[in-house]
2 protein chains.
Amino acid sequence: MNDALAAWSRSRLMVVEAALAGVCPDAEPGLREALLYPIQTGGKRIRPLLCLAAAESVGGDAAAALSPALALELVHTYSLVHDDLPAMDDDDERRGRPTVHIVYGEATAILVGDALLTAAFEQVADSPILVRELARAAGGAGMVGGQYLDICGNVDGIEALKHLHRLKTGALLRAAVRMGGVVGGASQLQLQALARYGEAVGLAFQIADDVLDADEVTEDAGPPSYVRLLGVDGARAEARRLVQEATTAVGELPRPQFLLLLAEFVAARAF
Amino acid sequence: MNDALAAWSRSRLMVVEAALAGVCPDAEPGLREALLYPIQTGGKRIRPLLCLAAAESVGGDAAAALSPALALELVHTYSLVHDDLPAMDDDDERRGRPTVHIVYGEATAILVGDALLTAAFEQVADSPILVRELARAAGGAGMVGGQYLDICGNVDGIEALKHLHRLKTGALLRAAVRMGGVVGGASQLQLQALARYGEAVGLAFQIADDVLDADEVTEDAGPPSYVRLLGVDGARAEARRLVQEATTAVGELPRPQFLLLLAEFVAARAF
């Protein structure tokens, strides 16, 4: 990670992490312990960072973007908890630690996800625009819809793959920058620029994931991926093109610096 | 059901059912089919009816209460879909039809619940008060918290049992009347009266359930219930007392008629 981005992220994430540790203060105690576990398992906090950077890019205040940043991370975290369940991806580990259902049982893991999703909406309750953005990005026409396509497993060709990822990961990343823009006071034109940035970064993010997993997809069988469809070099070229697209989209905003660095950072994993 | 209540319910539910059939119009098609299935499995629609009756009780318009009424039913429906999962109550049937995970598989059932919960918040996005009421009632300090206590299974004595049910079923019923009151233009005093009504009706509802299930709890083993703790006669007396409490709470509102009839209806199952 670029030094300027690292310093900025560190300072912003101190506030985000402290706030995340304080969510759902009045949840039933046992449930609260269980829902803090996946929150505190860490991760790169890409969605909160994109949200904060977007607010700052249009001259807004990072403090105003804290609530949507938390809401985005809560939605992301709930989606991982449910995705890891035996009926879904059946993952026992995430980021080197046992998953929620391994530690607390499957029933509690389902409820942890439900509580986190609910808490996300409480975070943004004050703003109808944010509630609407979050609901669209997270719901059946967004993240959950993409997850559904993924489990159905009949993704056929590059356009279907892009559609899946636009929903599964892209919608929430796009919402992250748009929600940051909204609380930062972005104009409609600026919001459109942020949306284009978010869409490009969302696809670059997924392509980088596929390149990282490339060892696993050298065989013909297995789920479709950008690497399988485009080859490693083709996937890298596409990631590079998308970063350029994202950069161009937000280049004219007042302070795009950290959005530009985040786009580079997201795609860098592919190289 | 009382004739006046039946006629009123029929007219109000025509609108509610039509609106429920149109939720999530842009969800992924396969997912949309799956999420309409539990919505269309019916049920008494007690929460929407309480919400509409509460709006009307303070002189408000039933049309204004449609969105929160839908949101409440979506939350209730999602909770049933997740509760029925093998890791939770493991129910294969509900209202005489196979449950969602039996028809569409477990992974889809998890996603259906997630999509319905998300859609509920989209319904009330315009009102910060409603988003907040719904999130509190549905989350880790409300319905999901109660569900957690229920799966933990160490409920000990009447106060712990009341606490569990206040969260698991009571919080959403209480929110139903409060949300109706809010859109109906209730004063703070009227909202407090509606909350007292909702709390009393919530417990009466659960006691009625326990009495209906009384055949199953004649043995000493099994989960705690009002019937086991109070006996059938004691549980019925408590239900009667709670209906009286609910009636007294809202007796002075401008038009309490359907709230009063709904309280009677909810408790009548115990007799």
# chains A, B, ... in the order shown; residues from 1 in each chain; ligands from 1
call {"tool": "residues_around", "arguments": {"residues": "stretch 232-246 of chain A", "least_positions_apart": "2", "cutoff": "8 Å", "atoms": "only C-alpha atoms", "output": "VMD selection string"}}
result
chain A and resid 196 to 198 200 to 201 203 to 204 207 to 208 211 214 226 to 228 230 248 to 250 260 263 to 264 267 270 to 271
call {"tool": "closest_atom_pairs", "arguments": {"of": "chain A", "to": "chain B", "cutoff": "9 Å", "atoms": "only C-alpha atoms", "output": "Markdown table"}}
result
| residue | atom | partner | partner_atom | distance |
| --- | --- | --- | --- | --- |
| A:Cys24 | CA | B:Gly140 | CA | 7.0 |
| A:Pro25 | CA | B:Ala141 | CA | 8.7 |
| A:Asp26 | CA | B:Ala141 | CA | 5.6 |
| A:Ala27 | CA | B:Ala141 | CA | 4.1 |
| A:Glu28 | CA | B:Gly145 | CA | 5.4 |
| A:Pro29 | CA | B:Gly145 | CA | 8.9 |
| A:Gly30 | CA | B:Tyr148 | CA | 8.3 |
| A:Leu31 | CA | B:Tyr148 | CA | 6.7 |
| A:Arg32 | CA | B:Gly140 | CA | 7.5 |
| A:His82 | CA | B:Ile110 | CA | 7.6 |
| A:Asp83 | CA | B:Ala107 | CA | 8.8 |
| A:Leu85 | CA | B:Ala107 | CA | 8.7 |
| A:Pro86 | CA | B:Ala107 | CA | 8.8 |
| A:Ala87 | CA | B:Ala107 | CA | 5.2 |
| A:Met88 | CA | B:Ala107 | CA | 5.3 |
| A:Gly105 | CA | B:Ala87 | CA | 8.6 |
| A:Glu106 | CA | B:Ala87 | CA | 5.9 |
| A:Ala107 | CA | B:Ala87 | CA | 5.2 |
| A:Thr108 | CA | B:Tyr148 | CA | 6.8 |
| A:Ile110 | CA | B:His82 | CA | 7.6 |
| A:Leu111 | CA | B:Val144 | CA | 6.3 |
| A:Val112 | CA | B:Gly140 | CA | 8.2 |
| A:Gly113 | CA | B:Asp114 | CA | 8.7 |
| A:Asp114 | CA | B:Val144 | CA | 7.2 |
| A:Ala115 | CA | B:Gly139 | CA | 5.0 |
| A:Leu116 | CA | B:Gly139 | CA | 8.0 |
| A:Leu117 | CA | B:Thr118 | CA | 7.7 |
| A:Thr118 | CA | B:Ala135 | CA | 5.6 |
| A:Ala119 | CA | B:Ala135 | CA | 6.6 |
| A:Ala120 | CA | B:Ala135 | CA | 8.8 |
| A:Phe121 | CA | B:Ala135 | CA | 6.8 |
| A:Glu122 | CA | B:Ala135 | CA | 5.6 |
| A:Gln123 | CA | B:Arg132 | CA | 8.9 |
| A:Val124 | CA | B:Pro128 | CA | 8.6 |
| A:Ala125 | CA | B:Pro128 | CA | 5.0 |
| A:Asp126 | CA | B:Pro128 | CA | 4.9 |
| A:Ser127 | CA | B:Pro128 | CA | 6.8 |
| A:Pro128 | CA | B:Asp126 | CA | 4.9 |
| A:Ile129 | CA | B:Ala125 | CA | 7.7 |
| A:Leu130 | CA | B:Ala125 | CA | 8.4 |
| A:Val131 | CA | B:Ala125 | CA | 5.5 |
| A:Arg132 | CA | B:Glu122 | CA | 5.7 |
| A:Glu133 | CA | B:Glu122 | CA | 8.9 |
| A:Leu134 | CA | B:Glu122 | CA | 8.6 |
| A:Ala135 | CA | B:Thr118 | CA | 5.6 |
| A:Arg136 | CA | B:Glu122 | CA | 7.7 |
| A:Ala138 | CA | B:Thr118 | CA | 7.0 |
| A:Gly139 | CA | B:Ala115 | CA | 5.0 |
| A:Gly140 | CA | B:Ala27 | CA | 4.3 |
| A:Ala141 | CA | B:Ala27 | CA | 4.1 |
| A:Gly142 | CA | B:Ala27 | CA | 7.7 |
| A:Val144 | CA | B:Leu111 | CA | 6.3 |
| A:Gly145 | CA | B:Glu28 | CA | 5.4 |
| A:Gly146 | CA | B:Glu28 | CA | 8.0 |
| A:Gln147 | CA | B:Leu111 | CA | 7.8 |
| A:Tyr148 | CA | B:Leu31 | CA | 6.7 |
| A:Leu149 | CA | B:Glu28 | CA | 7.9 |
| A:Ile151 | CA | B:Ala107 | CA | 7.5 |
| A:Cys152 | CA | B:Thr108 | CA | 8.9 |
call {"tool": "write_last_selection", "arguments": {"atoms": "C-alpha atoms", "output": "mmCIF file, in the first residue's frame"}}
result
data_model
loop_
_atom_site.group_PDB
_atom_site.id
_atom_site.type_symbol
_atom_site.label_atom_id
_atom_site.label_comp_id
_atom_site.auth_asym_id
_atom_site.auth_seq_id
_atom_site.Cartn_x
_atom_site.Cartn_y
_atom_site.Cartn_z
ATOM 1 C CA CYS A 24 -25.457 -3.123 18.937
ATOM 2 C CA PRO A 25 -24.732 -2.118 22.550
ATOM 3 C CA ASP A 26 -28.088 -3.379 23.808
ATOM 4 C CA ALA A 27 -28.260 -6.661 21.907
ATOM 5 C CA GLU A 28 -28.713 -9.754 24.078
ATOM 6 C CA PRO A 29 -25.251 -10.226 25.650
ATOM 7 C CA GLY A 30 -24.471 -13.671 24.239
ATOM 8 C CA LEU A 31 -25.605 -12.608 20.789
ATOM 9 C CA ARG A 32 -23.595 -9.419 21.039
ATOM 10 C CA HIS A 82 -24.188 -16.116 5.910
ATOM 11 C CA ASP A 83 -21.981 -17.025 2.924
ATOM 12 C CA LEU A 85 -22.693 -21.260 6.414
ATOM 13 C CA PRO A 86 -22.667 -24.983 5.575
ATOM 14 C CA ALA A 87 -25.672 -24.553 3.257
ATOM 15 C CA MET A 88 -23.816 -21.861 1.317
ATOM 16 C CA GLY A 105 -23.050 -22.812 16.037
ATOM 17 C CA GLU A 106 -25.076 -22.516 12.888
ATOM 18 C CA ALA A 107 -28.280 -21.143 14.419
ATOM 19 C CA THR A 108 -26.411 -18.330 16.141
ATOM 20 C CA ILE A 110 -27.797 -17.113 11.056
ATOM 21 C CA LEU A 111 -29.028 -14.773 13.799
ATOM 22 C CA VAL A 112 -25.719 -12.880 13.893
ATOM 23 C CA GLY A 113 -26.110 -12.147 10.190
ATOM 24 C CA ASP A 114 -29.707 -11.051 10.665
ATOM 25 C CA ALA A 115 -28.776 -8.770 13.579
ATOM 26 C CA LEU A 116 -25.877 -7.184 11.670
ATOM 27 C CA LEU A 117 -28.053 -6.461 8.627
ATOM 28 C CA THR A 118 -30.696 -4.889 10.850
ATOM 29 C CA ALA A 119 -28.076 -2.826 12.688
ATOM 30 C CA ALA A 120 -26.768 -1.522 9.365
ATOM 31 C CA PHE A 121 -30.103 0.121 8.618
ATOM 32 C CA GLU A 122 -30.288 1.597 12.101
ATOM 33 C CA GLN A 123 -26.920 3.274 11.385
ATOM 34 C CA VAL A 124 -28.296 5.179 8.401
ATOM 35 C CA ALA A 125 -31.869 5.602 9.651
ATOM 36 C CA ASP A 126 -31.633 9.402 9.626
ATOM 37 C CA SER A 127 -31.163 9.609 5.872
ATOM 38 C CA PRO A 128 -33.848 8.301 3.496
ATOM 39 C CA ILE A 129 -31.382 8.517 0.605
ATOM 40 C CA LEU A 130 -28.830 6.353 2.421
ATOM 41 C CA VAL A 131 -31.431 3.788 3.514
ATOM 42 C CA ARG A 132 -32.615 3.511 -0.063
ATOM 43 C CA GLU A 133 -29.087 3.249 -1.540
ATOM 44 C CA LEU A 134 -28.115 0.615 0.982
ATOM 45 C CA ALA A 135 -31.293 -1.419 0.561
ATOM 46 C CA ARG A 136 -30.999 -1.459 -3.235
ATOM 47 C CA ALA A 138 -27.734 -5.082 -0.534
ATOM 48 C CA GLY A 139 -31.042 -6.664 -1.566
ATOM 49 C CA GLY A 140 -32.476 -9.028 -4.144
ATOM 50 C CA ALA A 141 -31.526 -6.759 -7.047
ATOM 51 C CA GLY A 142 -28.046 -6.251 -5.601
ATOM 52 C CA VAL A 144 -28.215 -10.942 -2.352
ATOM 53 C CA GLY A 145 -29.316 -11.280 -5.978
ATOM 54 C CA GLY A 146 -25.701 -11.831 -7.012
ATOM 55 C CA GLN A 147 -25.210 -14.379 -4.283
ATOM 56 C CA TYR A 148 -28.313 -16.161 -5.538
ATOM 57 C CA LEU A 149 -26.914 -16.276 -9.095
ATOM 58 C CA ILE A 151 -25.273 -20.517 -5.841
ATOM 59 C CA CYS A 152 -27.448 -21.329 -8.872
#
call {"tool": "residues_around", "arguments": {"residues": "A:Leu194", "least_positions_apart": "2", "cutoff": "10 Å", "atoms": "only C-alpha atoms", "output": "PyMOL selection string"}}
result
chain A and resi 54+57-58+174-181+186+188-192+196-200+246+249-250+253+259
call {"tool": "write_last_selection", "arguments": {"atoms": "C-alpha atoms", "output": "PDB file, in the first residue's frame"}}
result
ATOM      1  CA  ALA A  54     -15.699   9.603  -1.565  1.00  0.00           C
ATOM      2  CA  SER A  57     -13.256  13.755  -2.601  1.00  0.00           C
ATOM      3  CA  VAL A  58     -16.140  16.204  -2.966  1.00  0.00           C
ATOM      4  CA  ARG A 174     -20.748   1.340  -5.869  1.00  0.00           C
ATOM      5  CA  ALA A 175     -23.089   2.187  -2.974  1.00  0.00           C
ATOM      6  CA  ALA A 176     -20.065   2.835  -0.755  1.00  0.00           C
ATOM      7  CA  VAL A 177     -18.802   5.696  -2.900  1.00  0.00           C
ATOM      8  CA  ARG A 178     -22.263   7.017  -3.683  1.00  0.00           C
ATOM      9  CA  MET A 179     -23.230   7.064   0.018  1.00  0.00           C
ATOM     10  CA  GLY A 180     -19.982   8.849   0.824  1.00  0.00           C
ATOM     11  CA  GLY A 181     -20.742  11.316  -1.929  1.00  0.00           C
ATOM     12  CA  ALA A 186     -21.889  15.821  -3.916  1.00  0.00           C
ATOM     13  CA  GLN A 188     -25.800  14.981  -9.121  1.00  0.00           C
ATOM     14  CA  LEU A 189     -22.968  15.102 -11.657  1.00  0.00           C
ATOM     15  CA  GLN A 190     -20.424  14.269  -8.975  1.00  0.00           C
ATOM     16  CA  LEU A 191     -22.601  11.384  -7.786  1.00  0.00           C
ATOM     17  CA  GLN A 192     -22.678  10.023 -11.324  1.00  0.00           C
ATOM     18  CA  ARG A 196     -18.858   5.177 -12.564  1.00  0.00           C
ATOM     19  CA  TYR A 197     -15.774   4.992 -10.348  1.00  0.00           C
ATOM     20  CA  GLY A 198     -17.532   2.519  -8.036  1.00  0.00           C
ATOM     21  CA  GLU A 199     -18.626   0.283 -10.884  1.00  0.00           C
ATOM     22  CA  ALA A 200     -15.137   0.137 -12.402  1.00  0.00           C
ATOM     23  CA  ALA A 246     -12.158   4.775 -12.472  1.00  0.00           C
ATOM     24  CA  ALA A 249     -14.272   9.230 -13.806  1.00  0.00           C
ATOM     25  CA  VAL A 250     -13.236  11.028 -10.622  1.00  0.00           C
ATOM     26  CA  LEU A 253     -13.481  16.046  -8.383  1.00  0.00           C
ATOM     27  CA  LEU A 259     -10.052   7.494  -4.367  1.00  0.00           C
TER      28      LEU A 259
END
call {"tool": "residues_around", "arguments": {"residues": "A:Arg47", "least_positions_apart": "3", "cutoff": "8 Å", "atoms": "only C-alpha atoms", "output": "CSV table (one decimal) with C-alpha atoms, in the first residue's frame"}}
result
chain,number,residue,atom,x,y,z
A,50,LEU,CA,-14.2,4.0,-0.2
A,51,CYS,CA,-17.1,5.7,1.6
A,69,ALA,CA,-19.2,3.6,6.5
A,72,LEU,CA,-21.5,-0.8,4.7
A,73,GLU,CA,-19.1,-2.8,6.8
A,172,LEU,CA,-22.1,-2.5,-2.5
A,173,LEU,CA,-18.8,-1.0,-3.6
A,176,ALA,CA,-20.1,2.8,-0.8
call {"tool": "decode", "arguments": {"residues": "stretch 132-182 of chain A", "atoms": "N, CA and C atoms", "output": "PDB file, in the first residue's frame"}}
result
ATOM      1  N   ARG A 132     -32.226   3.998   1.247  1.00  0.00           N
ATOM      2  CA  ARG A 132     -32.615   3.511  -0.063  1.00  0.00           C
ATOM      3  C   ARG A 132     -31.405   2.971  -0.840  1.00  0.00           C
ATOM      4  N   GLU A 133     -30.308   3.711  -0.848  1.00  0.00           N
ATOM      5  CA  GLU A 133     -29.087   3.249  -1.540  1.00  0.00           C
ATOM      6  C   GLU A 133     -28.631   1.905  -0.977  1.00  0.00           C
ATOM      7  N   LEU A 134     -28.610   1.832   0.347  1.00  0.00           N
ATOM      8  CA  LEU A 134     -28.115   0.615   0.982  1.00  0.00           C
ATOM      9  C   LEU A 134     -29.036  -0.564   0.691  1.00  0.00           C
ATOM     10  N   ALA A 135     -30.343  -0.327   0.788  1.00  0.00           N
ATOM     11  CA  ALA A 135     -31.293  -1.419   0.561  1.00  0.00           C
ATOM     12  C   ALA A 135     -31.183  -1.933  -0.875  1.00  0.00           C
ATOM     13  N   ARG A 136     -31.099  -1.027  -1.838  1.00  0.00           N
ATOM     14  CA  ARG A 136     -30.999  -1.459  -3.235  1.00  0.00           C
ATOM     15  C   ARG A 136     -29.721  -2.249  -3.469  1.00  0.00           C
ATOM     16  N   ALA A 137     -28.608  -1.726  -2.929  1.00  0.00           N
ATOM     17  CA  ALA A 137     -27.320  -2.374  -3.175  1.00  0.00           C
ATOM     18  C   ALA A 137     -27.228  -3.730  -2.481  1.00  0.00           C
ATOM     19  N   ALA A 138     -27.894  -3.866  -1.331  1.00  0.00           N
ATOM     20  CA  ALA A 138     -27.734  -5.082  -0.534  1.00  0.00           C
ATOM     21  C   ALA A 138     -28.769  -6.152  -0.860  1.00  0.00           C
ATOM     22  N   GLY A 139     -29.894  -5.768  -1.472  1.00  0.00           N
ATOM     23  CA  GLY A 139     -31.042  -6.664  -1.566  1.00  0.00           C
ATOM     24  C   GLY A 139     -31.064  -7.592  -2.761  1.00  0.00           C
ATOM     25  N   GLY A 140     -32.263  -8.016  -3.114  1.00  0.00           N
ATOM     26  CA  GLY A 140     -32.476  -9.028  -4.144  1.00  0.00           C
ATOM     27  C   GLY A 140     -32.095  -8.582  -5.545  1.00  0.00           C
ATOM     28  N   ALA A 141     -31.994  -7.257  -5.751  1.00  0.00           N
ATOM     29  CA  ALA A 141     -31.526  -6.759  -7.047  1.00  0.00           C
ATOM     30  C   ALA A 141     -30.073  -6.316  -6.954  1.00  0.00           C
ATOM     31  N   GLY A 142     -29.442  -6.612  -5.827  1.00  0.00           N
ATOM     32  CA  GLY A 142     -28.046  -6.251  -5.601  1.00  0.00           C
ATOM     33  C   GLY A 142     -27.269  -7.443  -5.062  1.00  0.00           C
ATOM     34  N   MET A 143     -26.607  -7.240  -3.930  1.00  0.00           N
ATOM     35  CA  MET A 143     -25.712  -8.258  -3.377  1.00  0.00           C
ATOM     36  C   MET A 143     -26.372  -9.628  -3.203  1.00  0.00           C
ATOM     37  N   VAL A 144     -27.549  -9.648  -2.585  1.00  0.00           N
ATOM     38  CA  VAL A 144     -28.215 -10.942  -2.352  1.00  0.00           C
ATOM     39  C   VAL A 144     -28.618 -11.576  -3.678  1.00  0.00           C
ATOM     40  N   GLY A 145     -29.007 -10.758  -4.650  1.00  0.00           N
ATOM     41  CA  GLY A 145     -29.316 -11.280  -5.978  1.00  0.00           C
ATOM     42  C   GLY A 145     -28.092 -11.913  -6.626  1.00  0.00           C
ATOM     43  N   GLY A 146     -26.937 -11.284  -6.468  1.00  0.00           N
ATOM     44  CA  GLY A 146     -25.701 -11.831  -7.012  1.00  0.00           C
ATOM     45  C   GLY A 146     -25.305 -13.127  -6.334  1.00  0.00           C
ATOM     46  N   GLN A 147     -25.493 -13.156  -5.034  1.00  0.00           N
ATOM     47  CA  GLN A 147     -25.210 -14.379  -4.283  1.00  0.00           C
ATOM     48  C   GLN A 147     -26.113 -15.518  -4.756  1.00  0.00           C
ATOM     49  N   TYR A 148     -27.371 -15.164  -5.017  1.00  0.00           N
ATOM     50  CA  TYR A 148     -28.313 -16.161  -5.538  1.00  0.00           C
ATOM     51  C   TYR A 148     -27.831 -16.710  -6.889  1.00  0.00           C
ATOM     52  N   LEU A 149     -27.427 -15.817  -7.791  1.00  0.00           N
ATOM     53  CA  LEU A 149     -26.914 -16.276  -9.095  1.00  0.00           C
ATOM     54  C   LEU A 149     -25.706 -17.183  -8.908  1.00  0.00           C
ATOM     55  N   ASP A 150     -24.872 -16.828  -7.933  1.00  0.00           N
ATOM     56  CA  ASP A 150     -23.666 -17.604  -7.687  1.00  0.00           C
ATOM     57  C   ASP A 150     -24.003 -19.024  -7.231  1.00  0.00           C
ATOM     58  N   ILE A 151     -24.943 -19.167  -6.312  1.00  0.00           N
ATOM     59  CA  ILE A 151     -25.273 -20.517  -5.841  1.00  0.00           C
ATOM     60  C   ILE A 151     -26.028 -21.309  -6.907  1.00  0.00           C
ATOM     61  N   CYS A 152     -26.748 -20.608  -7.792  1.00  0.00           N
ATOM     62  CA  CYS A 152     -27.448 -21.329  -8.872  1.00  0.00           C
ATOM     63  C   CYS A 152     -26.445 -21.948  -9.831  1.00  0.00           C
ATOM     64  N   GLY A 153     -25.309 -21.258 -10.022  1.00  0.00           N
ATOM     65  CA  GLY A 153     -24.179 -21.882 -10.701  1.00  0.00           C
ATOM     66  C   GLY A 153     -24.272 -21.996 -12.212  1.00  0.00           C
ATOM     67  N   ASN A 154     -25.284 -21.433 -12.842  1.00  0.00           N
ATOM     68  CA  ASN A 154     -25.298 -21.555 -14.314  1.00  0.00           C
ATOM     69  C   ASN A 154     -24.937 -20.226 -14.976  1.00  0.00           C
ATOM     70  N   VAL A 155     -23.713 -19.765 -14.657  1.00  0.00           N
ATOM     71  CA  VAL A 155     -23.203 -18.534 -15.253  1.00  0.00           C
ATOM     72  C   VAL A 155     -22.470 -18.903 -16.534  1.00  0.00           C
ATOM     73  N   ASP A 156     -22.897 -18.297 -17.605  1.00  0.00           N
ATOM     74  CA  ASP A 156     -22.475 -18.763 -18.921  1.00  0.00           C
ATOM     75  C   ASP A 156     -21.909 -17.586 -19.717  1.00  0.00           C
ATOM     76  N   GLY A 157     -20.585 -17.467 -19.737  1.00  0.00           N
ATOM     77  CA  GLY A 157     -19.974 -16.415 -20.560  1.00  0.00           C
ATOM     78  C   GLY A 157     -19.655 -15.158 -19.780  1.00  0.00           C
ATOM     79  N   ILE A 158     -18.920 -14.280 -20.435  1.00  0.00           N
ATOM     80  CA  ILE A 158     -18.371 -13.110 -19.765  1.00  0.00           C
ATOM     81  C   ILE A 158     -19.447 -12.122 -19.326  1.00  0.00           C
ATOM     82  N   GLU A 159     -20.513 -11.964 -20.130  1.00  0.00           N
ATOM     83  CA  GLU A 159     -21.543 -11.001 -19.752  1.00  0.00           C
ATOM     84  C   GLU A 159     -22.316 -11.464 -18.512  1.00  0.00           C
ATOM     85  N   ALA A 160     -22.608 -12.766 -18.459  1.00  0.00           N
ATOM     86  CA  ALA A 160     -23.300 -13.308 -17.287  1.00  0.00           C
ATOM     87  C   ALA A 160     -22.408 -13.202 -16.044  1.00  0.00           C
ATOM     88  N   LEU A 161     -21.104 -13.418 -16.250  1.00  0.00           N
ATOM     89  CA  LEU A 161     -20.169 -13.316 -15.124  1.00  0.00           C
ATOM     90  C   LEU A 161     -20.101 -11.874 -14.617  1.00  0.00           C
ATOM     91  N   LYS A 162     -20.057 -10.934 -15.553  1.00  0.00           N
ATOM     92  CA  LYS A 162     -20.024  -9.520 -15.144  1.00  0.00           C
ATOM     93  C   LYS A 162     -21.310  -9.137 -14.414  1.00  0.00           C
ATOM     94  N   HIS A 163     -22.431  -9.628 -14.919  1.00  0.00           N
ATOM     95  CA  HIS A 163     -23.710  -9.336 -14.264  1.00  0.00           C
ATOM     96  C   HIS A 163     -23.707  -9.861 -12.828  1.00  0.00           C
ATOM     97  N   LEU A 164     -23.247 -11.101 -12.675  1.00  0.00           N
ATOM     98  CA  LEU A 164     -23.177 -11.699 -11.331  1.00  0.00           C
ATOM     99  C   LEU A 164     -22.337 -10.818 -10.392  1.00  0.00           C
ATOM    100  N   HIS A 165     -21.169 -10.424 -10.854  1.00  0.00           N
ATOM    101  CA  HIS A 165     -20.266  -9.684  -9.964  1.00  0.00           C
ATOM    102  C   HIS A 165     -20.707  -8.248  -9.756  1.00  0.00           C
ATOM    103  N   ARG A 166     -21.386  -7.681 -10.768  1.00  0.00           N
ATOM    104  CA  ARG A 166     -21.937  -6.350 -10.575  1.00  0.00           C
ATOM    105  C   ARG A 166     -22.907  -6.350  -9.399  1.00  0.00           C
ATOM    106  N   LEU A 167     -23.652  -7.452  -9.288  1.00  0.00           N
ATOM    107  CA  LEU A 167     -24.592  -7.559  -8.168  1.00  0.00           C
ATOM    108  C   LEU A 167     -23.875  -7.984  -6.893  1.00  0.00           C
ATOM    109  N   LYS A 168     -23.117  -9.062  -6.969  1.00  0.00           N
ATOM    110  CA  LYS A 168     -22.609  -9.700  -5.748  1.00  0.00           C
ATOM    111  C   LYS A 168     -21.609  -8.819  -4.986  1.00  0.00           C
ATOM    112  N   THR A 169     -20.662  -8.236  -5.698  1.00  0.00           N
ATOM    113  CA  THR A 169     -19.709  -7.359  -4.998  1.00  0.00           C
ATOM    114  C   THR A 169     -19.796  -5.920  -5.488  1.00  0.00           C
ATOM    115  N   GLY A 170     -20.137  -5.740  -6.757  1.00  0.00           N
ATOM    116  CA  GLY A 170     -20.114  -4.392  -7.323  1.00  0.00           C
ATOM    117  C   GLY A 170     -21.141  -3.449  -6.719  1.00  0.00           C
ATOM    118  N   ALA A 171     -22.347  -3.947  -6.464  1.00  0.00           N
ATOM    119  CA  ALA A 171     -23.424  -3.061  -6.011  1.00  0.00           C
ATOM    120  C   ALA A 171     -23.050  -2.381  -4.688  1.00  0.00           C
ATOM    121  N   LEU A 172     -22.461  -3.135  -3.775  1.00  0.00           N
ATOM    122  CA  LEU A 172     -22.144  -2.549  -2.472  1.00  0.00           C
ATOM    123  C   LEU A 172     -20.941  -1.603  -2.557  1.00  0.00           C
ATOM    124  N   LEU A 173     -19.974  -1.937  -3.411  1.00  0.00           N
ATOM    125  CA  LEU A 173     -18.833  -1.033  -3.600  1.00  0.00           C
ATOM    126  C   LEU A 173     -19.294   0.283  -4.250  1.00  0.00           C
ATOM    127  N   ARG A 174     -20.176   0.158  -5.230  1.00  0.00           N
ATOM    128  CA  ARG A 174     -20.748   1.340  -5.869  1.00  0.00           C
ATOM    129  C   ARG A 174     -21.524   2.162  -4.828  1.00  0.00           C
ATOM    130  N   ALA A 175     -22.323   1.482  -4.009  1.00  0.00           N
ATOM    131  CA  ALA A 175     -23.089   2.187  -2.974  1.00  0.00           C
ATOM    132  C   ALA A 175     -22.148   2.871  -1.996  1.00  0.00           C
ATOM    133  N   ALA A 176     -21.008   2.254  -1.716  1.00  0.00           N
ATOM    134  CA  ALA A 176     -20.065   2.835  -0.755  1.00  0.00           C
ATOM    135  C   ALA A 176     -19.636   4.228  -1.195  1.00  0.00           C
ATOM    136  N   VAL A 177     -19.243   4.372  -2.445  1.00  0.00           N
ATOM    137  CA  VAL A 177     -18.802   5.696  -2.900  1.00  0.00           C
ATOM    138  C   VAL A 177     -19.978   6.650  -3.075  1.00  0.00           C
ATOM    139  N   ARG A 178     -21.098   6.137  -3.538  1.00  0.00           N
ATOM    140  CA  ARG A 178     -22.263   7.017  -3.683  1.00  0.00           C
ATOM    141  C   ARG A 178     -22.744   7.520  -2.318  1.00  0.00           C
ATOM    142  N   MET A 179     -22.782   6.645  -1.319  1.00  0.00           N
ATOM    143  CA  MET A 179     -23.230   7.064   0.018  1.00  0.00           C
ATOM    144  C   MET A 179     -22.261   8.079   0.613  1.00  0.00           C
ATOM    145  N   GLY A 180     -20.960   7.853   0.397  1.00  0.00           N
ATOM    146  CA  GLY A 180     -19.982   8.849   0.824  1.00  0.00           C
ATOM    147  C   GLY A 180     -20.207  10.179   0.130  1.00  0.00           C
ATOM    148  N   GLY A 181     -20.463  10.105  -1.168  1.00  0.00           N
ATOM    149  CA  GLY A 181     -20.742  11.316  -1.929  1.00  0.00           C
ATOM    150  C   GLY A 181     -21.957  12.059  -1.401  1.00  0.00           C
ATOM    151  N   VAL A 182     -23.014  11.325  -1.100  1.00  0.00           N
ATOM    152  CA  VAL A 182     -24.247  11.945  -0.592  1.00  0.00           C
ATOM    153  C   VAL A 182     -23.978  12.728   0.694  1.00  0.00           C
TER     154      VAL A 182
END
